[in-house]
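Coordinates from protein06.txt are shown below (compact mmCIF, C-alpha atoms).
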```txt
# COMPACT_ATOMS: atom_id res chain seq x y z
CA ARG A 87 -15.31 4.27 14.82
CA SER A 88 -16.08 2.16 17.88
CA ASP A 89 -12.79 2.97 19.66
CA GLY A 90 -13.16 6.71 19.10
CA VAL A 91 -10.75 7.07 16.15
CA THR A 92 -12.08 9.47 13.51
CA TYR A 93 -11.00 9.24 9.86
CA GLN A 94 -11.13 11.71 7.04
CA TYR A 95 -11.05 9.95 3.68
CA ALA A 96 -11.30 10.48 -0.04
CA SER A 97 -13.33 8.13 -2.21
CA TYR A 98 -14.47 7.44 -5.75
CA GLU A 99 -17.39 5.42 -7.05
CA PRO A 100 -17.75 4.64 -10.77
CA GLN A 101 -21.08 5.70 -12.21
CA GLU A 102 -21.85 2.19 -13.39
CA GLY A 103 -21.06 0.70 -9.98
CA SER A 104 -18.60 -2.05 -9.09
CA ASP A 105 -18.29 -4.98 -6.72
CA THR A 106 -14.55 -4.23 -6.26
CA LEU A 107 -13.06 -1.94 -3.63
CA PHE A 108 -9.51 -0.65 -4.09
CA VAL A 109 -7.98 0.69 -0.85
CA TRP A 110 -4.84 2.87 -0.88
CA LEU A 111 -3.00 3.51 2.40
CA HIS A 112 -0.68 6.52 2.36
CA GLY A 113 2.85 6.93 3.63
CA GLY A 114 4.03 8.42 6.91
CA GLY A 115 4.24 12.02 5.69
CA GLU A 116 0.59 12.25 4.68
CA GLY A 117 -1.19 11.48 7.93
CA GLY A 118 -3.11 14.11 9.83
CA VAL A 119 -2.09 15.53 13.19
CA GLU A 120 -3.62 18.99 12.86
CA ASN A 121 -5.95 20.27 10.14
CA THR A 122 -6.51 16.76 8.78
CA ASP A 123 -7.20 16.95 5.05
CA PRO A 124 -7.57 13.92 2.75
CA TYR A 125 -6.50 16.04 -0.22
CA VAL A 126 -2.98 15.59 1.17
CA THR A 127 -3.29 11.84 0.63
CA LEU A 128 -4.67 12.33 -2.89
CA LEU A 129 -2.28 14.98 -4.14
CA GLY A 130 0.90 14.37 -2.15
CA ASN A 131 1.46 11.54 -4.61
CA LYS A 132 -0.40 10.51 -7.77
CA VAL A 133 -3.22 8.75 -5.92
CA SER A 134 -5.90 10.57 -7.93
CA VAL A 135 -4.96 8.26 -10.83
CA TYR A 136 -7.15 5.52 -9.33
CA GLY A 137 -10.23 7.46 -10.32
CA SER A 138 -8.90 7.91 -13.85
CA GLU A 139 -10.34 6.31 -16.96
CA ALA A 140 -7.03 4.51 -17.56
CA PHE A 141 -7.03 2.70 -14.20
CA GLN A 142 -10.76 2.04 -14.14
CA GLU A 143 -10.70 0.51 -17.60
CA ALA A 144 -7.57 -1.52 -16.82
CA ILE A 145 -9.15 -3.40 -13.92
CA GLY A 146 -12.77 -3.35 -15.01
CA GLY A 147 -13.97 -0.66 -12.62
CA ALA A 148 -13.51 -0.23 -8.88
CA ASN A 149 -14.68 1.80 -5.95
CA VAL A 150 -11.73 3.59 -4.35
CA LEU A 151 -11.14 4.40 -0.68
CA VAL A 152 -8.20 6.53 0.51
CA PRO A 153 -8.28 6.96 4.31
CA GLN A 154 -6.09 9.46 6.14
CA CYS A 155 -4.54 8.24 9.37
CA PRO A 156 -4.96 10.57 12.37
CA THR A 157 -1.24 10.07 13.15
CA PHE A 158 0.63 7.42 11.14
CA TRP A 159 -0.12 3.78 10.45
CA MET A 160 2.93 2.40 12.30
CA ASP A 161 1.92 4.20 15.49
CA PRO A 162 1.32 1.55 18.20
CA LYS A 163 -0.16 4.01 20.72
CA GLY A 164 -2.21 6.44 18.64
CA ASN A 165 -0.46 9.55 19.92
CA GLN A 166 2.91 9.65 18.15
CA ILE A 167 4.10 12.00 15.42
CA ALA A 168 5.94 10.25 12.63
CA GLY A 169 8.53 12.87 11.81
CA GLY A 170 11.46 11.41 9.94
CA ASN A 171 11.91 8.21 11.93
CA ALA A 172 8.60 6.40 12.24
CA SER A 173 10.36 3.05 12.50
CA ALA A 174 11.78 4.09 15.87
CA TYR A 175 8.25 3.91 17.31
CA SER A 176 7.22 0.68 15.63
CA ASP A 177 6.71 -2.65 17.34
CA GLY A 178 4.92 -4.29 14.42
CA THR A 179 1.44 -3.34 15.66
CA SER A 180 -0.86 -0.41 14.94
CA TYR A 181 -3.28 1.47 17.14
CA ASP A 182 -5.55 1.90 14.12
CA THR A 183 -6.02 -1.70 12.99
CA LYS A 184 -9.54 -2.23 14.34
CA SER A 185 -10.88 1.20 13.46
CA LEU A 186 -9.48 1.10 9.93
CA MET A 187 -11.09 -2.28 9.33
CA GLU A 188 -14.39 -0.84 10.52
CA LEU A 189 -14.05 1.96 7.99
CA ILE A 190 -13.26 -0.49 5.18
CA GLU A 191 -16.22 -2.69 6.13
CA MET A 192 -18.48 0.38 6.25
CA TYR A 193 -17.40 1.45 2.79
CA LYS A 194 -17.74 -2.10 1.45
CA GLU A 195 -21.35 -2.11 2.60
CA LYS A 196 -21.99 1.39 1.25
CA THR A 197 -20.77 0.47 -2.23
CA GLY A 198 -21.90 -3.14 -2.32
CA SER A 199 -18.32 -4.30 -2.78
CA THR A 200 -17.51 -7.97 -2.26
CA LYS A 201 -13.86 -7.98 -3.39
CA VAL A 202 -11.23 -5.81 -1.70
CA ILE A 203 -7.73 -5.10 -3.04
CA LEU A 204 -5.50 -3.58 -0.35
CA THR A 205 -2.50 -1.48 -1.30
CA GLY A 206 -0.23 1.09 0.32
CA CYS A 207 3.26 2.54 0.42
CA SER A 208 5.86 2.73 3.18
CA ASN A 209 3.78 3.23 6.36
CA GLY A 210 0.79 2.20 4.28
CA GLY A 211 2.63 -0.91 3.09
CA PHE A 212 3.25 -1.75 6.74
CA MET A 213 -0.46 -1.37 7.45
CA ALA A 214 -1.45 -3.39 4.40
CA LEU A 215 0.55 -6.33 5.73
CA ARG A 216 -0.75 -5.81 9.27
CA LEU A 217 -4.39 -5.84 8.10
CA ALA A 218 -3.86 -8.80 5.79
CA ILE A 219 -2.38 -10.83 8.64
CA ASP A 220 -5.04 -9.82 11.16
CA TYR A 221 -7.98 -10.17 8.71
CA PRO A 222 -6.77 -12.69 6.10
CA ASP A 223 -10.25 -13.53 4.80
CA THR A 224 -11.19 -9.91 4.03
CA PHE A 225 -8.92 -9.24 1.06
CA ILE A 226 -8.56 -10.93 -2.31
CA ALA A 227 -5.15 -9.34 -2.96
CA VAL A 228 -2.54 -7.17 -1.24
CA ALA A 229 0.13 -4.97 -2.83
CA PRO A 230 2.69 -3.50 -0.39
CA VAL A 231 4.98 -0.86 -1.95
CA ALA A 232 8.27 0.07 -0.26
CA GLU A 233 6.71 -1.50 2.80
CA ALA A 234 7.99 -0.57 6.24
CA MET A 235 7.09 -3.74 8.19
CA GLN A 236 10.39 -5.07 9.51
CA GLU A 237 10.69 -8.81 9.00
CA ARG A 238 11.68 -9.32 12.66
CA PHE A 239 8.12 -8.47 13.71
CA LEU A 240 6.60 -11.28 11.61
CA SER A 241 6.14 -14.77 13.03
CA ASP A 242 5.77 -17.91 10.94
CA GLU A 243 2.17 -17.99 12.13
CA ASP A 244 1.67 -14.51 10.66
CA LEU A 245 3.17 -15.44 7.31
CA ASN A 246 1.26 -18.70 7.09
CA LYS A 247 -1.96 -16.69 7.26
CA ILE A 248 -1.11 -14.80 4.06
CA LYS A 249 1.12 -17.18 2.09
CA ASP A 250 -1.69 -18.14 -0.28
CA LEU A 251 -3.09 -14.63 -0.64
CA PRO A 252 -2.25 -13.03 -4.02
CA MET A 253 0.48 -10.49 -3.24
CA TYR A 254 2.49 -8.05 -5.36
CA PHE A 255 5.51 -6.42 -3.69
CA VAL A 256 7.20 -3.39 -5.23
CA TYR A 257 10.50 -1.97 -3.99
CA SER A 258 13.84 -0.54 -5.06
CA THR A 259 16.98 -2.31 -3.88
CA ASN A 260 18.57 1.04 -2.94
CA ASP A 261 15.73 2.13 -0.63
CA PRO A 262 17.46 4.17 2.12
CA ILE A 263 14.38 4.44 4.39
CA ALA A 264 12.88 0.94 4.48
CA ASP A 265 16.07 -1.04 3.96
CA PRO A 266 15.07 -4.08 1.86
CA THR A 267 17.55 -6.28 3.74
CA LEU A 268 15.45 -5.69 6.88
CA HIS A 269 12.06 -5.65 5.19
CA GLU A 270 11.15 -7.22 1.82
CA ILE A 271 14.12 -9.50 1.17
CA PRO A 272 13.90 -11.65 4.33
CA THR A 273 10.08 -11.51 4.41
CA LEU A 274 9.80 -12.67 0.82
CA ALA A 275 12.38 -15.40 1.36
CA ARG A 276 10.35 -16.74 4.28
CA LEU A 277 7.10 -16.59 2.31
CA GLN A 278 8.73 -18.52 -0.52
CA ALA A 279 10.09 -21.09 1.92
CA LEU A 280 6.57 -21.52 3.28
CA GLY A 281 5.35 -22.27 -0.24
CA ALA A 282 3.62 -18.96 -1.07
CA SER A 283 1.39 -19.80 -4.02
CA ASN A 284 0.68 -16.42 -5.66
CA LEU A 285 3.60 -14.14 -4.86
CA HIS A 286 4.77 -11.47 -7.30
CA ILE A 287 7.82 -9.25 -6.86
CA ALA A 288 8.77 -6.16 -8.87
CA THR A 289 12.17 -4.66 -8.08
CA THR A 290 14.34 -1.92 -9.50
CA ASP A 291 17.84 -0.75 -8.59
CA GLN A 292 16.81 2.90 -8.44
CA VAL A 293 13.82 5.17 -8.94
CA ILE A 294 14.12 7.60 -11.83
CA ASP A 295 11.81 10.00 -13.62
CA THR A 296 10.26 8.26 -16.61
CA SER A 297 8.22 11.18 -17.91
CA GLY A 298 11.17 12.70 -19.77
CA THR A 299 10.48 16.11 -18.25
CA ILE A 300 12.76 16.06 -15.20
CA LYS A 301 16.44 15.66 -16.03
CA THR A 302 19.85 16.31 -14.56
CA GLU A 303 22.15 19.00 -15.91
CA ASP A 304 23.76 16.46 -18.23
CA GLY A 305 20.40 15.39 -19.65
CA MET A 306 19.98 12.13 -17.74
CA PRO A 307 16.68 11.19 -16.06
CA TYR A 308 16.42 12.63 -12.56
CA GLU A 309 16.92 10.05 -9.80
CA TYR A 310 14.52 10.16 -6.86
CA SER A 311 15.01 8.61 -3.44
CA GLY A 312 15.05 4.83 -3.72
CA HIS A 313 12.17 4.79 -1.23
CA TRP A 314 9.83 6.34 -3.77
CA SER A 315 9.04 3.19 -5.73
CA TRP A 316 5.34 4.04 -5.43
CA ILE A 317 5.99 6.33 -8.44
CA TYR A 318 6.25 3.18 -10.57
CA PHE A 319 3.14 1.72 -8.92
CA HIS A 320 1.01 4.81 -9.54
CA ASN A 321 2.25 5.03 -13.13
CA ASN A 322 1.73 1.28 -13.69
CA GLU A 323 5.40 1.03 -14.66
CA ALA A 324 6.51 -1.64 -12.19
CA THR A 325 7.00 -5.05 -13.78
CA CYS A 326 6.93 -8.40 -12.00
CA ASN A 327 10.39 -9.99 -12.14
CA ASP A 328 9.00 -13.42 -13.06
CA CYS A 329 5.69 -12.98 -14.88
CA GLY A 330 6.12 -9.54 -16.48
CA LEU A 331 2.77 -8.25 -15.22
CA THR A 332 2.38 -4.62 -14.23
CA PRO A 333 0.43 -3.89 -11.03
CA TRP A 334 -2.77 -3.00 -12.88
CA GLN A 335 -2.50 -6.09 -15.11
CA TRP A 336 -2.00 -8.21 -12.00
CA MET A 337 -5.06 -6.71 -10.30
CA ALA A 338 -7.16 -7.36 -13.40
CA GLU A 339 -5.96 -10.97 -13.48
CA VAL A 340 -6.76 -11.48 -9.78
CA LEU A 341 -10.25 -10.05 -10.25
CA CYS A 342 -10.92 -12.38 -13.17
CA SER A 343 -9.67 -15.52 -11.41
```

Here is a file; write its structure as structure tokens.
Amino acid sequence: RSDGVTYQYASYEPQEGSDTLFVWLHGGGEGGVENTDPYVTLLGNKVSVYGSEAFQEAIGGANVLVPQCPTFWMDPKGNQIAGGNASAYSDGTSYDTKSLMELIEMYKEKTGSTKVILTGCSNGGFMALRLAIDYPDTFIAVAPVAEAMQERFLSDEDLNKIKDLPMYFVYSTNDPIADPTLHEIPTLARLQALGASNLHIATTDQVIDTSGTIKTEDGMPYEYSGHWSWIYFHNNEATCNDCGLTPWQWMAEVLCS
């Protein structure tokens, strides 16, 4: 890219083509520092599902772009290593904002996409909000999952830029990493106070295995970290508290509006 940042990325293009681009931004543990490999971003979580027949049919087809950050999205200097405490480095900005937008614009042109849905989890949820605020006219919808943008970094000017953008937040109230009382809860309250016109929120009190294959010794569903609410997003099992839409249903509705 123009500032010297180099990205590895995975992508998918439906055979019949599409004017929609779906962008997934990974979490802090899937960035590249050495031996960068986008397969980590695809297989570290269930991101390959976005090339599946189920997802493609649900939203009417989409090109998919999954970039891998050279460090981590919350890195303000471009030379940090996330480790287990990426928030300690964060100041609400990202070194990669401009270069990532250049990559998205390049892939839009390559695929002939005119509509971009931006999604991401944790670090990627942070970056989804950062990009939406900095480039509010680029995206038709944004879905931050377990997002790690602390509310204290967001000005009213920032939130006014995105208050009318279709947004779908997913998080678990027991998230121990991106504490919702410092992230989603105050941010969403401010967006609502500003009159956000298309805001959807899907919350759970915990994140459990829904496949029926992973259970505790007493036969109960296994409970994952409360930060891992992207499991529900990838499985299309999150449900909007008010409207009842799943993430894929919401995307399909946005694309048809």

**Message:** Which residues are close to stretch 240-256 of chain A, i.e. within 10 Å by all atoms listed in the file, leaving aside same-chain residues fewer than 6 positions away? Reply as an MDAnalysis selection string.
**Reply:** chainID A and resid 178 203:205 207 211 215:216 218:223 225:233 270 273:274 276:290 315:316 318:319 324:326 331:333 336:337 340

**Request:** To one decimal in Å, tell me the separation between atom CA of A:Ala264 and atom CA of A:Ile294.
**Result:** 17.7 Å

**Request:** Just the residues within 8 Å of A:Gly103, please, counting only C-alpha atoms, with nothing from its chain fewer than 6 positions along; format it as a ChimeraX atom specification.
**Result:** /A:147-149,197

**Asked** What does the distance from atom CA of A:Ser180 to atom CA of A:Lys201 come to in Å, to one decimal?
**Response**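 Separation of atom CA of A:Ser180 and atom CA of A:Lys201: 23.7 Å.
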
**Prompt:** Between atom CA of A:Thr106 and atom CA of A:Lys194, what is the spacing in Å?
**Reply:**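 We find that atom CA of A:Lys194 and atom CA of A:Thr106 lie 8.6 Å from each other.
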
**Non-local contacts of A:Trp159 (6 Å; all atoms listed in the file; under 2 positions in same chain excluded) as a list in words** = Asp161, Asn209 and Met213 of chain A

Return stretch 98-113 of chain A, completed with N, CA and C atoms, as a short mmCIF file (atom, residue, chain, number, x, y, z; two decimals), in the frame of the given file.
```
data_model
loop_
_atom_site.label_atom_id
_atom_site.label_comp_id
_atom_site.auth_asym_id
_atom_site.auth_seq_id
_atom_site.Cartn_x
_atom_site.Cartn_y
_atom_site.Cartn_z
N TYR A 98 -13.97 7.35 -4.37
CA TYR A 98 -14.47 7.44 -5.75
C TYR A 98 -15.37 6.24 -6.00
N GLU A 99 -16.49 6.50 -6.67
CA GLU A 99 -17.39 5.42 -7.05
C GLU A 99 -17.73 5.56 -8.53
N PRO A 100 -17.42 4.55 -9.34
CA PRO A 100 -17.75 4.64 -10.77
C PRO A 100 -19.26 4.72 -10.97
N GLN A 101 -19.65 5.47 -11.97
CA GLN A 101 -21.08 5.70 -12.21
C GLN A 101 -21.84 4.40 -12.43
N GLU A 102 -21.19 3.45 -13.08
CA GLU A 102 -21.85 2.19 -13.39
C GLU A 102 -21.80 1.20 -12.25
N GLY A 103 -21.16 1.58 -11.14
CA GLY A 103 -21.06 0.70 -9.98
C GLY A 103 -19.98 -0.35 -10.16
N SER A 104 -19.61 -1.00 -9.07
CA SER A 104 -18.60 -2.05 -9.09
C SER A 104 -18.70 -2.87 -7.81
N ASP A 105 -18.34 -4.14 -7.93
CA ASP A 105 -18.29 -4.98 -6.72
C ASP A 105 -16.87 -5.08 -6.18
N THR A 106 -15.95 -4.25 -6.70
CA THR A 106 -14.55 -4.23 -6.26
C THR A 106 -14.26 -2.95 -5.49
N LEU A 107 -13.52 -3.09 -4.40
CA LEU A 107 -13.06 -1.94 -3.63
C LEU A 107 -11.54 -1.95 -3.62
N PHE A 108 -10.96 -0.85 -4.08
CA PHE A 108 -9.51 -0.65 -4.09
C PHE A 108 -9.18 0.31 -2.95
N VAL A 109 -8.35 -0.13 -2.01
CA VAL A 109 -7.98 0.69 -0.85
C VAL A 109 -6.51 1.07 -0.95
N TRP A 110 -6.23 2.38 -0.90
CA TRP A 110 -4.84 2.87 -0.88
C TRP A 110 -4.53 3.46 0.49
N LEU A 111 -3.44 3.00 1.11
CA LEU A 111 -3.00 3.51 2.40
C LEU A 111 -1.72 4.32 2.21
N HIS A 112 -1.75 5.56 2.63
CA HIS A 112 -0.68 6.52 2.36
C HIS A 112 0.56 6.28 3.20
N GLY A 113 1.61 7.01 2.88
CA GLY A 113 2.85 6.93 3.63
C GLY A 113 2.84 7.80 4.87
#
```
